[in-house]
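A quick write-up on the structure given underneath.
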Amino acid sequence: MKIAFSPCPNDTFIFHAWVHGLIPGAPKLDVRYADIDITNGLAANPDGPNTPEVMKISYAALPYVLSDYALLPAGGALGRGCGPLVLTANGTTDPAYLSGRRVAVPSERSTAYLLFRLWAAQNVPGGVGEIVVMPFDQIMPAVRDGKIDAGLVIHEARFTYQNYDLKLMTDLGNWWESDTGLPIPLGAIIARRDMDAHALAGWARASVEYAWAHPDESRAYVMEHAQEMDPDVAAQHIGLYVNEFSANLGDDGYGAITALLGRAIKEGLVPEFDLDLLRI
């Protein structure tokens, strides 16, 4: 079975057991390691010859693909205190600074960008200027070097942005949580609707539970794909992004997803869809 997820520590930690044949009854995986912007694009072409049957995409991309894919309630990324950050080099905390300026984002269909658009609609007079899509690991150097006025960052950038002499304008996770009281939906695991979603979710959940029960077993695999990340940063990354919602979305998880996408529909930022399609 073909699957695509990122090389980030949370994904490799979660799927280590399944990838290495440690989950009884689970199909063998043919893995493609790809950043979220790539998988968002793959999901938009479900009949493509290289499109995996299962993949991790942004929750913001779900409305575009739910007719072809089901959301699995295990293996994804939601949480608290783990939202995207808006960074600048000059240290301003005034959102009005972004009016008419260039802002780098990791993907036009990323959850980070959707949260940013919802926040900017409330806080940036007249709206931002140009949006520039960049691989997430290129955003902080671009802001530091003055090529971009501000950057929207995700993943381990939360722990490393000070290394680039950048300053925090706002934490979109804190904004979302204070506004809604709900966790932040980040990355979703989806599967083609002609597959057994319940079985797939069970294997993904078993892989998460194996990772928690045997945390040392995945370390070499995680670091192999961690793009030269410091091991302590990788451990922080896993601790933040792999949590109760990785094993089971539950009512709070589904509530957060419904709130985010329902608000995005109301603002005209994503296509309308039947919210009942979120559950298998």
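Scheme for the structure tokens: letters A, B, ... for chains in order shown; per-chain residue numbers from 1; ligand numbers from 1 in order shown.
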Which residues in region 50-278 of chain A does DSSP call strand (DSSP E)? List them as a ChimeraX atom specification.
/A:54-58,69-79,85-88,103-105,131-133,150-153,167-171,184-192
Using C-alpha atoms, can you export the residues from the last selection as a PDB file, in the first residue's frame?
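Once written, part33.pdb looks like this:
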```pdb
ATOM      1  CA  VAL A  54      -3.109   7.020   2.178  1.00  0.00           C
ATOM      2  CA  MET A  55      -1.382  10.293   2.984  1.00  0.00           C
ATOM      3  CA  LYS A  56      -1.011  13.136   5.420  1.00  0.00           C
ATOM      4  CA  ILE A  57      -2.364  16.481   4.263  1.00  0.00           C
ATOM      5  CA  SER A  58      -3.285  19.796   5.834  1.00  0.00           C
ATOM      6  CA  TYR A  69     -10.876  10.567   0.625  1.00  0.00           C
ATOM      7  CA  ALA A  70     -12.008   9.755   4.156  1.00  0.00           C
ATOM      8  CA  LEU A  71     -10.478  11.361   7.229  1.00  0.00           C
ATOM      9  CA  LEU A  72      -8.923   8.760   9.525  1.00  0.00           C
ATOM     10  CA  PRO A  73      -9.364   9.443  13.265  1.00  0.00           C
ATOM     11  CA  ALA A  74      -5.794   8.353  14.078  1.00  0.00           C
ATOM     12  CA  GLY A  75      -2.259   9.212  13.002  1.00  0.00           C
ATOM     13  CA  GLY A  76      -2.688  12.943  12.441  1.00  0.00           C
ATOM     14  CA  ALA A  77      -1.668  16.099  14.288  1.00  0.00           C
ATOM     15  CA  LEU A  78      -3.808  18.273  16.528  1.00  0.00           C
ATOM     16  CA  GLY A  79      -2.837  19.829  19.782  1.00  0.00           C
ATOM     17  CA  LEU A  85       4.022  31.413  14.417  1.00  0.00           C
ATOM     18  CA  VAL A  86       4.252  34.726  12.574  1.00  0.00           C
ATOM     19  CA  LEU A  87       7.861  35.959  12.695  1.00  0.00           C
ATOM     20  CA  THR A  88       9.634  39.163  11.726  1.00  0.00           C
ATOM     21  CA  VAL A 103       4.638  37.260   3.808  1.00  0.00           C
ATOM     22  CA  ALA A 104       6.090  33.786   3.238  1.00  0.00           C
ATOM     23  CA  VAL A 105       3.864  30.767   3.948  1.00  0.00           C
ATOM     24  CA  ILE A 131       1.871  35.889  -0.270  1.00  0.00           C
ATOM     25  CA  VAL A 132       4.962  33.882  -1.239  1.00  0.00           C
ATOM     26  CA  VAL A 133       4.878  30.081  -0.941  1.00  0.00           C
ATOM     27  CA  ALA A 150       7.397  38.264   7.679  1.00  0.00           C
ATOM     28  CA  GLY A 151       7.203  34.494   7.748  1.00  0.00           C
ATOM     29  CA  LEU A 152       4.559  31.998   8.798  1.00  0.00           C
ATOM     30  CA  VAL A 153       6.420  29.020  10.260  1.00  0.00           C
ATOM     31  CA  LYS A 167      11.124  37.785  16.749  1.00  0.00           C
ATOM     32  CA  LEU A 168       7.623  36.537  17.431  1.00  0.00           C
ATOM     33  CA  MET A 169       4.792  38.757  16.211  1.00  0.00           C
ATOM     34  CA  THR A 170       2.016  36.365  17.169  1.00  0.00           C
ATOM     35  CA  ASP A 171       1.368  32.742  18.036  1.00  0.00           C
ATOM     36  CA  ILE A 184      -5.516  23.340  16.738  1.00  0.00           C
ATOM     37  CA  PRO A 185      -6.100  21.004  13.779  1.00  0.00           C
ATOM     38  CA  LEU A 186      -2.847  20.737  11.820  1.00  0.00           C
ATOM     39  CA  GLY A 187      -2.284  17.571   9.781  1.00  0.00           C
ATOM     40  CA  ALA A 188      -4.882  14.988   8.716  1.00  0.00           C
ATOM     41  CA  ILE A 189      -4.426  11.369   7.667  1.00  0.00           C
ATOM     42  CA  ILE A 190      -6.697  10.530   4.735  1.00  0.00           C
ATOM     43  CA  ALA A 191      -7.430   7.349   2.806  1.00  0.00           C
ATOM     44  CA  ARG A 192      -9.231   6.671  -0.447  1.00  0.00           C
TER      45      ARG A 192
END
```
If we count only C-alpha atoms and set the cut-off at 10 Å, which residues sit around region 233-250 of chain A, ignoring sequence neighbours fewer than 3 positions away in its own chain? Please answer as a CSV table (one decimal) with all heavy atoms, in the first residue's frame.
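Saved file part11.csv follows:
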```csv
chain,number,residue,atom,x,y,z
A,8,CYS,N,9.2,14.6,9.0
A,8,CYS,CA,9.3,15.3,10.3
A,8,CYS,C,9.2,14.2,11.4
A,8,CYS,O,8.5,13.2,11.3
A,8,CYS,CB,8.2,16.3,10.5
A,8,CYS,SG,8.4,17.7,9.3
A,9,PRO,N,9.8,14.5,12.6
A,9,PRO,CA,9.9,13.5,13.6
A,9,PRO,C,8.5,13.0,14.1
A,9,PRO,O,8.4,11.8,14.5
A,9,PRO,CB,10.6,14.3,14.8
A,9,PRO,CG,11.5,15.2,14.0
A,9,PRO,CD,10.7,15.7,12.9
A,10,ASN,N,7.5,13.9,14.2
A,10,ASN,CA,6.2,13.4,14.6
A,10,ASN,C,5.6,12.3,13.7
A,10,ASN,O,5.1,11.3,14.2
A,10,ASN,CB,5.2,14.5,14.8
A,10,ASN,CG,4.9,15.3,13.6
A,10,ASN,OD1,5.8,15.7,12.9
A,10,ASN,ND2,3.6,15.5,13.3
A,11,ASP,N,5.8,12.5,12.4
A,11,ASP,CA,5.2,11.5,11.5
A,11,ASP,C,6.1,10.2,11.5
A,11,ASP,O,5.5,9.1,11.5
A,11,ASP,CB,5.2,12.0,10.0
A,11,ASP,CG,4.1,13.1,9.8
A,11,ASP,OD1,3.2,13.1,10.7
A,11,ASP,OD2,4.1,13.8,8.8
A,12,THR,N,7.4,10.3,11.5
A,12,THR,CA,8.2,9.1,11.5
A,12,THR,C,8.1,8.4,12.8
A,12,THR,O,8.1,7.1,12.8
A,12,THR,CB,9.7,9.4,11.2
A,12,THR,OG1,10.1,10.5,12.0
A,12,THR,CG2,9.8,9.8,9.7
A,13,PHE,N,7.9,9.1,13.9
A,13,PHE,CA,7.7,8.4,15.2
A,13,PHE,C,6.4,7.7,15.2
A,13,PHE,O,6.3,6.5,15.6
A,13,PHE,CB,7.7,9.5,16.3
A,13,PHE,CG,7.4,9.0,17.7
A,13,PHE,CD1,8.4,8.4,18.4
A,13,PHE,CD2,6.2,9.1,18.3
A,13,PHE,CE1,8.2,7.9,19.7
A,13,PHE,CE2,5.9,8.6,19.5
A,13,PHE,CZ,7.0,8.1,20.3
A,14,ILE,N,5.3,8.3,14.7
A,14,ILE,CA,4.0,7.6,14.6
A,14,ILE,C,4.0,6.4,13.7
A,14,ILE,O,3.5,5.4,14.1
A,14,ILE,CB,2.9,8.6,14.1
A,14,ILE,CG1,2.6,9.6,15.3
A,14,ILE,CG2,1.7,7.9,13.6
A,14,ILE,CD1,1.7,10.8,14.8
A,72,LEU,N,-9.1,9.8,8.5
A,72,LEU,CA,-8.9,8.8,9.5
A,72,LEU,C,-8.8,9.4,10.9
A,72,LEU,O,-8.1,10.4,11.0
A,72,LEU,CB,-7.7,8.0,9.2
A,72,LEU,CG,-7.6,7.2,7.9
A,72,LEU,CD1,-6.4,6.3,7.8
A,72,LEU,CD2,-8.9,6.4,7.7
A,73,PRO,N,-9.4,8.8,11.9
A,73,PRO,CA,-9.4,9.4,13.3
A,73,PRO,C,-8.1,9.1,14.1
A,73,PRO,O,-8.1,9.2,15.3
A,73,PRO,CB,-10.6,8.9,13.9
A,73,PRO,CG,-10.8,7.5,13.3
A,73,PRO,CD,-10.3,7.7,11.9
A,74,ALA,N,-7.1,8.7,13.4
A,74,ALA,CA,-5.8,8.4,14.1
A,74,ALA,C,-4.6,8.6,13.1
A,74,ALA,O,-4.8,8.5,11.9
A,74,ALA,CB,-5.8,6.9,14.5
A,75,GLY,N,-3.5,9.0,13.8
A,75,GLY,CA,-2.3,9.2,13.0
A,75,GLY,C,-1.9,10.6,12.6
A,75,GLY,O,-0.9,10.9,12.2
A,76,GLY,N,-2.9,11.6,12.9
A,76,GLY,CA,-2.7,12.9,12.4
A,76,GLY,C,-2.1,13.8,13.5
A,76,GLY,O,-1.6,13.3,14.5
A,77,ALA,N,-2.3,15.1,13.4
A,77,ALA,CA,-1.7,16.1,14.3
A,77,ALA,C,-2.7,17.2,14.6
A,77,ALA,O,-3.1,18.0,13.8
A,77,ALA,CB,-0.4,16.7,13.7
A,78,LEU,N,-3.1,17.2,15.9
A,78,LEU,CA,-3.8,18.3,16.5
A,78,LEU,C,-3.1,18.5,17.9
A,78,LEU,O,-2.4,17.7,18.4
A,78,LEU,CB,-5.3,17.9,16.8
A,78,LEU,CG,-6.2,17.9,15.6
A,78,LEU,CD1,-6.2,16.5,15.0
A,78,LEU,CD2,-7.6,18.2,16.1
A,79,GLY,N,-3.4,19.6,18.5
A,79,GLY,CA,-2.8,19.8,19.8
A,79,GLY,C,-3.0,21.2,20.3
A,79,GLY,O,-3.7,22.1,19.7
A,80,ARG,N,-2.5,21.4,21.5
A,80,ARG,CA,-2.5,22.7,22.2
A,80,ARG,C,-1.1,23.2,22.3
A,80,ARG,O,-0.2,22.4,22.5
A,80,ARG,CB,-3.2,22.6,23.5
A,80,ARG,CG,-4.7,22.2,23.4
A,80,ARG,CD,-5.4,22.1,24.7
A,80,ARG,NE,-6.7,21.6,24.7
A,80,ARG,CZ,-7.8,22.3,24.3
A,80,ARG,NH1,-7.7,23.6,24.1
A,80,ARG,NH2,-9.0,21.8,24.3
A,81,GLY,N,-0.9,24.5,22.2
A,81,GLY,CA,0.4,25.1,22.4
A,81,GLY,C,1.4,24.7,21.3
A,81,GLY,O,2.6,24.7,21.4
A,82,CYS,N,0.8,24.4,20.1
A,82,CYS,CA,1.7,23.9,19.0
A,82,CYS,C,1.3,24.6,17.7
A,82,CYS,O,1.5,24.0,16.6
A,82,CYS,CB,1.6,22.4,18.8
A,82,CYS,SG,-0.1,21.8,18.5
A,83,GLY,N,0.7,25.8,17.8
A,83,GLY,CA,0.3,26.5,16.5
A,83,GLY,C,1.4,27.1,15.7
A,83,GLY,O,2.5,27.3,16.2
A,155,HIS,N,6.2,23.5,12.5
A,155,HIS,CA,7.1,22.4,12.9
A,155,HIS,C,8.1,22.9,13.9
A,155,HIS,O,7.8,23.6,14.8
A,155,HIS,CB,7.8,21.8,11.6
A,155,HIS,CG,6.9,21.2,10.6
A,155,HIS,ND1,5.8,20.5,11.0
A,155,HIS,CD2,7.0,21.2,9.3
A,155,HIS,CE1,5.2,20.1,9.9
A,155,HIS,NE2,5.9,20.5,8.8
A,156,GLU,N,9.4,22.5,13.7
A,156,GLU,CA,10.4,22.7,14.7
A,156,GLU,C,10.9,24.2,14.8
A,156,GLU,O,11.6,24.6,15.7
A,156,GLU,CB,11.6,21.8,14.5
A,156,GLU,CG,12.4,22.1,13.3
A,156,GLU,CD,11.8,21.4,12.0
A,156,GLU,OE1,10.8,20.7,12.2
A,156,GLU,OE2,12.4,21.5,11.0
A,157,ALA,N,10.4,25.0,13.9
A,157,ALA,CA,10.7,26.4,13.9
A,157,ALA,C,10.3,27.1,15.2
A,157,ALA,O,10.9,28.1,15.7
A,157,ALA,CB,10.0,27.2,12.7
A,158,ARG,N,9.3,26.5,15.9
A,158,ARG,CA,8.9,27.0,17.2
A,158,ARG,C,10.1,27.0,18.2
A,158,ARG,O,10.1,27.8,19.1
A,158,ARG,CB,7.7,26.1,17.7
A,158,ARG,CG,7.4,26.2,19.1
A,158,ARG,CD,6.1,25.4,19.5
A,158,ARG,NE,5.0,26.0,18.8
A,158,ARG,CZ,4.3,27.0,19.4
A,158,ARG,NH1,4.6,27.5,20.6
A,158,ARG,NH2,3.2,27.5,18.8
A,159,PHE,N,11.0,26.0,18.0
A,159,PHE,CA,12.1,25.9,18.9
A,159,PHE,C,13.4,26.5,18.4
A,159,PHE,O,14.3,26.6,19.2
A,159,PHE,CB,12.3,24.4,19.2
A,159,PHE,CG,11.1,23.6,19.5
A,159,PHE,CD1,10.7,22.6,18.7
A,159,PHE,CD2,10.4,23.8,20.7
A,159,PHE,CE1,9.5,21.9,18.9
A,159,PHE,CE2,9.3,23.1,21.0
A,159,PHE,CZ,8.8,22.1,20.1
A,160,THR,N,13.4,26.9,17.2
A,160,THR,CA,14.7,27.3,16.6
A,160,THR,C,14.7,28.8,16.0
A,160,THR,O,15.8,29.2,15.6
A,160,THR,CB,15.1,26.4,15.5
A,160,THR,OG1,14.1,26.4,14.5
A,160,THR,CG2,15.3,24.9,16.0
A,183,PRO,N,-8.4,22.7,20.6
A,183,PRO,CA,-7.1,22.4,20.1
A,183,PRO,C,-7.0,22.9,18.6
A,183,PRO,O,-8.0,23.2,18.0
A,183,PRO,CB,-7.0,20.9,20.2
A,183,PRO,CG,-8.3,20.4,20.2
A,183,PRO,CD,-9.2,21.4,20.9
A,185,PRO,N,-6.2,22.1,14.8
A,185,PRO,CA,-6.1,21.0,13.8
A,185,PRO,C,-5.0,21.4,12.8
A,185,PRO,O,-5.0,22.4,12.2
A,185,PRO,CB,-7.4,21.0,13.0
A,185,PRO,CG,-8.4,21.9,13.8
A,185,PRO,CD,-7.4,22.9,14.5
A,186,LEU,N,-4.0,20.5,12.7
A,186,LEU,CA,-2.8,20.7,11.8
A,186,LEU,C,-2.8,19.8,10.6
A,186,LEU,O,-3.1,20.2,9.5
A,186,LEU,CB,-1.6,20.7,12.6
A,186,LEU,CG,-1.5,21.7,13.8
A,186,LEU,CD1,-0.3,21.4,14.7
A,186,LEU,CD2,-1.3,23.1,13.2
A,187,GLY,N,-2.4,18.5,10.9
A,187,GLY,CA,-2.3,17.6,9.8
A,187,GLY,C,-3.2,16.4,9.9
A,187,GLY,O,-3.4,15.8,11.0
A,188,ALA,N,-3.9,16.1,8.8
A,188,ALA,CA,-4.9,15.0,8.7
A,188,ALA,C,-4.3,13.8,8.0
A,188,ALA,O,-3.6,13.9,7.0
A,188,ALA,CB,-6.1,15.5,8.0
A,189,ILE,N,-4.7,12.6,8.4
A,189,ILE,CA,-4.4,11.4,7.7
A,189,ILE,C,-5.7,11.0,6.9
A,189,ILE,O,-6.8,10.8,7.5
A,189,ILE,CB,-4.0,10.2,8.6
A,189,ILE,CG1,-2.8,10.6,9.4
A,189,ILE,CG2,-3.7,9.0,7.8
A,189,ILE,CD1,-1.5,10.9,8.6
A,201,ALA,N,-7.5,3.0,10.3
A,201,ALA,CA,-7.4,3.8,11.5
A,201,ALA,C,-6.9,2.9,12.6
A,201,ALA,O,-6.1,3.4,13.5
A,201,ALA,CB,-8.8,4.4,11.8
A,202,GLY,N,-7.4,1.7,12.7
A,202,GLY,CA,-6.9,0.8,13.7
A,202,GLY,C,-5.4,0.5,13.7
A,202,GLY,O,-4.7,0.5,14.7
A,204,ALA,N,-3.2,2.5,12.2
A,204,ALA,CA,-2.5,3.8,12.6
A,204,ALA,C,-2.4,3.9,14.1
A,204,ALA,O,-1.4,4.3,14.7
A,204,ALA,CB,-3.2,4.9,11.9
A,205,ARG,N,-3.6,3.7,14.7
A,205,ARG,CA,-3.6,3.8,16.2
A,205,ARG,C,-2.7,2.8,16.9
A,205,ARG,O,-2.0,3.2,17.8
A,205,ARG,CB,-5.1,3.6,16.7
A,205,ARG,CG,-5.3,3.7,18.2
A,205,ARG,CD,-6.7,3.7,18.5
A,205,ARG,NE,-7.5,4.7,17.9
A,205,ARG,CZ,-8.4,4.6,16.9
A,205,ARG,NH1,-8.7,3.3,16.5
A,205,ARG,NH2,-9.0,5.6,16.4
A,206,ALA,N,-2.6,1.6,16.3
A,206,ALA,CA,-1.7,0.6,16.9
A,206,ALA,C,-0.2,1.1,16.8
A,206,ALA,O,0.6,0.8,17.6
A,206,ALA,CB,-1.9,-0.7,16.2
A,207,SER,N,0.1,1.7,15.6
A,207,SER,CA,1.4,2.2,15.4
A,207,SER,C,1.8,3.3,16.4
A,207,SER,O,2.9,3.4,16.9
A,207,SER,CB,1.6,2.7,14.0
A,207,SER,OG,2.9,2.9,13.6
A,208,VAL,N,0.8,4.2,16.7
A,208,VAL,CA,1.0,5.3,17.7
A,208,VAL,C,1.3,4.7,19.0
A,208,VAL,O,2.2,5.0,19.7
A,208,VAL,CB,-0.2,6.2,17.7
A,208,VAL,CG1,0.0,7.2,18.9
A,208,VAL,CG2,-0.4,7.0,16.4
A,209,GLU,N,0.4,3.7,19.4
A,209,GLU,CA,0.6,3.1,20.7
A,209,GLU,C,1.9,2.3,20.9
A,209,GLU,O,2.5,2.3,21.9
A,209,GLU,CB,-0.7,2.2,21.0
A,209,GLU,CG,-2.0,3.0,21.1
A,209,GLU,CD,-3.2,2.2,21.2
A,209,GLU,OE1,-3.1,1.0,20.8
A,209,GLU,OE2,-4.3,2.7,21.5
A,211,ALA,N,4.6,3.1,19.4
A,211,ALA,CA,5.7,4.1,19.5
A,211,ALA,C,5.8,4.6,20.9
A,211,ALA,O,6.9,4.8,21.5
A,211,ALA,CB,5.4,5.3,18.6
A,212,TRP,N,4.6,4.8,21.6
A,212,TRP,CA,4.6,5.3,23.0
A,212,TRP,C,5.2,4.2,23.9
A,212,TRP,O,5.9,4.5,24.8
A,212,TRP,CB,3.2,5.6,23.4
A,212,TRP,CG,2.8,7.0,22.9
A,212,TRP,CD1,3.5,8.1,22.7
A,212,TRP,CD2,1.4,7.4,22.7
A,212,TRP,NE1,2.7,9.1,22.3
A,212,TRP,CE2,1.4,8.7,22.3
A,212,TRP,CE3,0.2,6.7,22.8
A,212,TRP,CZ2,0.3,9.4,22.0
A,212,TRP,CZ3,-1.0,7.4,22.5
A,212,TRP,CH2,-0.9,8.8,22.1
A,219,ARG,N,14.1,5.8,17.4
A,219,ARG,CA,15.0,6.9,17.4
A,219,ARG,C,15.9,7.0,16.1
A,219,ARG,O,16.0,8.0,15.5
A,219,ARG,CB,15.9,6.9,18.6
A,219,ARG,CG,16.8,8.1,18.8
A,219,ARG,CD,17.3,8.2,20.2
A,219,ARG,NE,16.3,8.5,21.2
A,219,ARG,CZ,16.2,7.7,22.3
A,219,ARG,NH1,17.0,6.7,22.5
A,219,ARG,NH2,15.2,8.0,23.1
A,222,VAL,N,13.8,8.0,13.1
A,222,VAL,CA,13.4,9.4,13.2
A,222,VAL,C,14.5,10.3,12.8
A,222,VAL,O,14.4,11.2,12.0
A,222,VAL,CB,12.9,9.7,14.6
A,222,VAL,CG1,12.8,11.2,14.8
A,222,VAL,CG2,11.5,9.0,14.9
A,223,MET,N,15.7,10.0,13.3
A,223,MET,CA,16.8,10.9,13.1
A,223,MET,C,17.4,10.8,11.6
A,223,MET,O,17.9,11.7,11.1
A,223,MET,CB,17.9,10.6,14.1
A,223,MET,CG,17.6,11.0,15.5
A,223,MET,SD,16.8,12.7,15.7
A,223,MET,CE,18.1,13.7,15.0
A,226,ALA,N,15.3,13.3,9.8
A,226,ALA,CA,15.0,14.5,10.5
A,226,ALA,C,15.8,15.7,9.9
A,226,ALA,O,15.8,16.8,10.6
A,226,ALA,CB,15.3,14.4,12.0
A,228,GLU,N,18.9,16.7,9.6
A,228,GLU,CA,20.0,17.2,10.4
A,228,GLU,C,19.5,17.9,11.6
A,228,GLU,O,20.3,18.8,12.2
A,228,GLU,CB,21.0,18.1,9.6
A,228,GLU,CG,21.6,17.3,8.4
A,228,GLU,CD,22.5,18.2,7.6
A,228,GLU,OE1,22.7,19.4,7.9
A,228,GLU,OE2,23.1,17.7,6.6
A,229,MET,N,18.4,17.6,12.1
A,229,MET,CA,17.8,18.3,13.3
A,229,MET,C,18.5,17.8,14.5
A,229,MET,O,18.9,16.6,14.6
A,229,MET,CB,16.3,17.9,13.4
A,229,MET,CG,15.6,18.7,14.5
A,229,MET,SD,13.8,18.1,14.6
A,229,MET,CE,13.2,18.4,13.0
A,230,ASP,N,18.7,18.7,15.5
A,230,ASP,CA,19.3,18.3,16.8
A,230,ASP,C,18.4,17.3,17.4
A,230,ASP,O,17.1,17.5,17.5
A,230,ASP,CB,19.4,19.6,17.6
A,230,ASP,CG,20.0,19.3,18.9
A,230,ASP,OD1,21.3,19.4,19.0
A,230,ASP,OD2,19.3,19.0,19.9
A,253,GLY,N,-11.4,16.7,19.2
A,253,GLY,CA,-10.7,16.8,17.9
A,253,GLY,C,-11.6,17.1,16.8
A,253,GLY,O,-11.4,18.0,16.0
A,254,TYR,N,-12.7,16.3,16.7
A,254,TYR,CA,-13.7,16.6,15.7
A,254,TYR,C,-14.3,17.9,15.9
A,254,TYR,O,-14.6,18.6,14.9
A,254,TYR,CB,-14.8,15.5,15.7
A,254,TYR,CG,-14.4,14.2,15.0
A,254,TYR,CD1,-14.3,13.0,15.8
A,254,TYR,CD2,-14.2,14.2,13.7
A,254,TYR,CE1,-13.9,11.8,15.1
A,254,TYR,CE2,-13.9,13.0,13.0
A,254,TYR,CZ,-13.7,11.8,13.8
A,254,TYR,OH,-13.4,10.6,13.1
A,255,GLY,N,-14.5,18.4,17.1
A,255,GLY,CA,-15.1,19.7,17.4
A,255,GLY,C,-14.2,20.8,16.9
A,255,GLY,O,-14.6,21.8,16.3
A,256,ALA,N,-12.9,20.6,17.0
A,256,ALA,CA,-11.9,21.6,16.6
A,256,ALA,C,-11.9,21.6,15.0
A,256,ALA,O,-11.8,22.7,14.4
A,256,ALA,CB,-10.5,21.2,17.1
A,257,ILE,N,-11.9,20.5,14.4
A,257,ILE,CA,-11.9,20.4,12.9
A,257,ILE,C,-13.2,21.1,12.4
A,257,ILE,O,-13.1,21.9,11.4
A,257,ILE,CB,-11.8,19.0,12.4
A,257,ILE,CG1,-10.5,18.4,13.0
A,257,ILE,CG2,-11.8,18.9,10.9
A,257,ILE,CD1,-10.5,16.9,13.0
```
Excluding region 26-33 of chain A and its own-chain neighbours fewer than 3 positions away, which residues fall within 10 Å of it when counting only C-alpha atoms? Please give them as an MDAnalysis selection string.
chainID A and resid 1:8 11:12 15 18:23 36 38:39 50:52 54:55 199:200 202:204 206:207 225
For the selection just defined, write its residues with C-alpha atoms to a file, as a short mmCIF file (atom, residue, chain, number, x, y, z; two decimals), in the first residue's frame.
```cif
data_model
loop_
_atom_site.label_atom_id
_atom_site.label_comp_id
_atom_site.auth_asym_id
_atom_site.auth_seq_id
_atom_site.Cartn_x
_atom_site.Cartn_y
_atom_site.Cartn_z
CA MET A 1 0.00 0.00 0.00
CA LYS A 2 1.35 3.41 -0.94
CA ILE A 3 1.48 6.03 1.80
CA ALA A 4 2.93 9.54 1.94
CA PHE A 5 3.83 11.53 5.02
CA SER A 6 6.47 14.07 5.95
CA PRO A 7 10.01 13.26 7.15
CA CYS A 8 9.28 15.28 10.31
CA ASP A 11 5.25 11.47 11.46
CA THR A 12 8.20 9.10 11.47
CA PHE A 15 4.48 5.41 11.59
CA TRP A 18 3.83 0.17 10.76
CA VAL A 19 6.62 0.95 8.28
CA HIS A 20 8.82 -1.69 9.89
CA GLY A 21 6.22 -4.45 9.90
CA LEU A 22 5.59 -4.40 13.63
CA ILE A 23 1.79 -4.11 13.48
CA ILE A 36 2.79 18.82 3.23
CA ILE A 38 3.43 18.16 -2.02
CA THR A 39 0.87 15.84 -0.42
CA ASN A 50 1.76 8.41 -8.36
CA THR A 51 -0.95 9.38 -5.87
CA PRO A 52 -0.76 7.24 -2.69
CA VAL A 54 -3.11 7.02 2.18
CA MET A 55 -1.38 10.29 2.98
CA ALA A 199 -9.10 -1.00 9.58
CA LEU A 200 -6.60 1.64 8.46
CA GLY A 202 -6.90 0.78 13.74
CA TRP A 203 -3.46 0.08 12.30
CA ALA A 204 -2.47 3.75 12.56
CA ALA A 206 -1.68 0.61 16.91
CA SER A 207 1.44 2.22 15.42
CA HIS A 225 14.79 11.52 8.20
#
```
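Nearest-residue note for Ala142 (chain A): choosing from A:Asp165, A:Asp35, A:Asp274, A:Asp179, the minimum distance belongs to A:Asp165, counting only C-alpha atoms.
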Those of region 102-153 of chain A in DSSP alpha helix (DSSP H), formatted as a VMD selection string:
chain A and resid 111 to 123 136 to 144
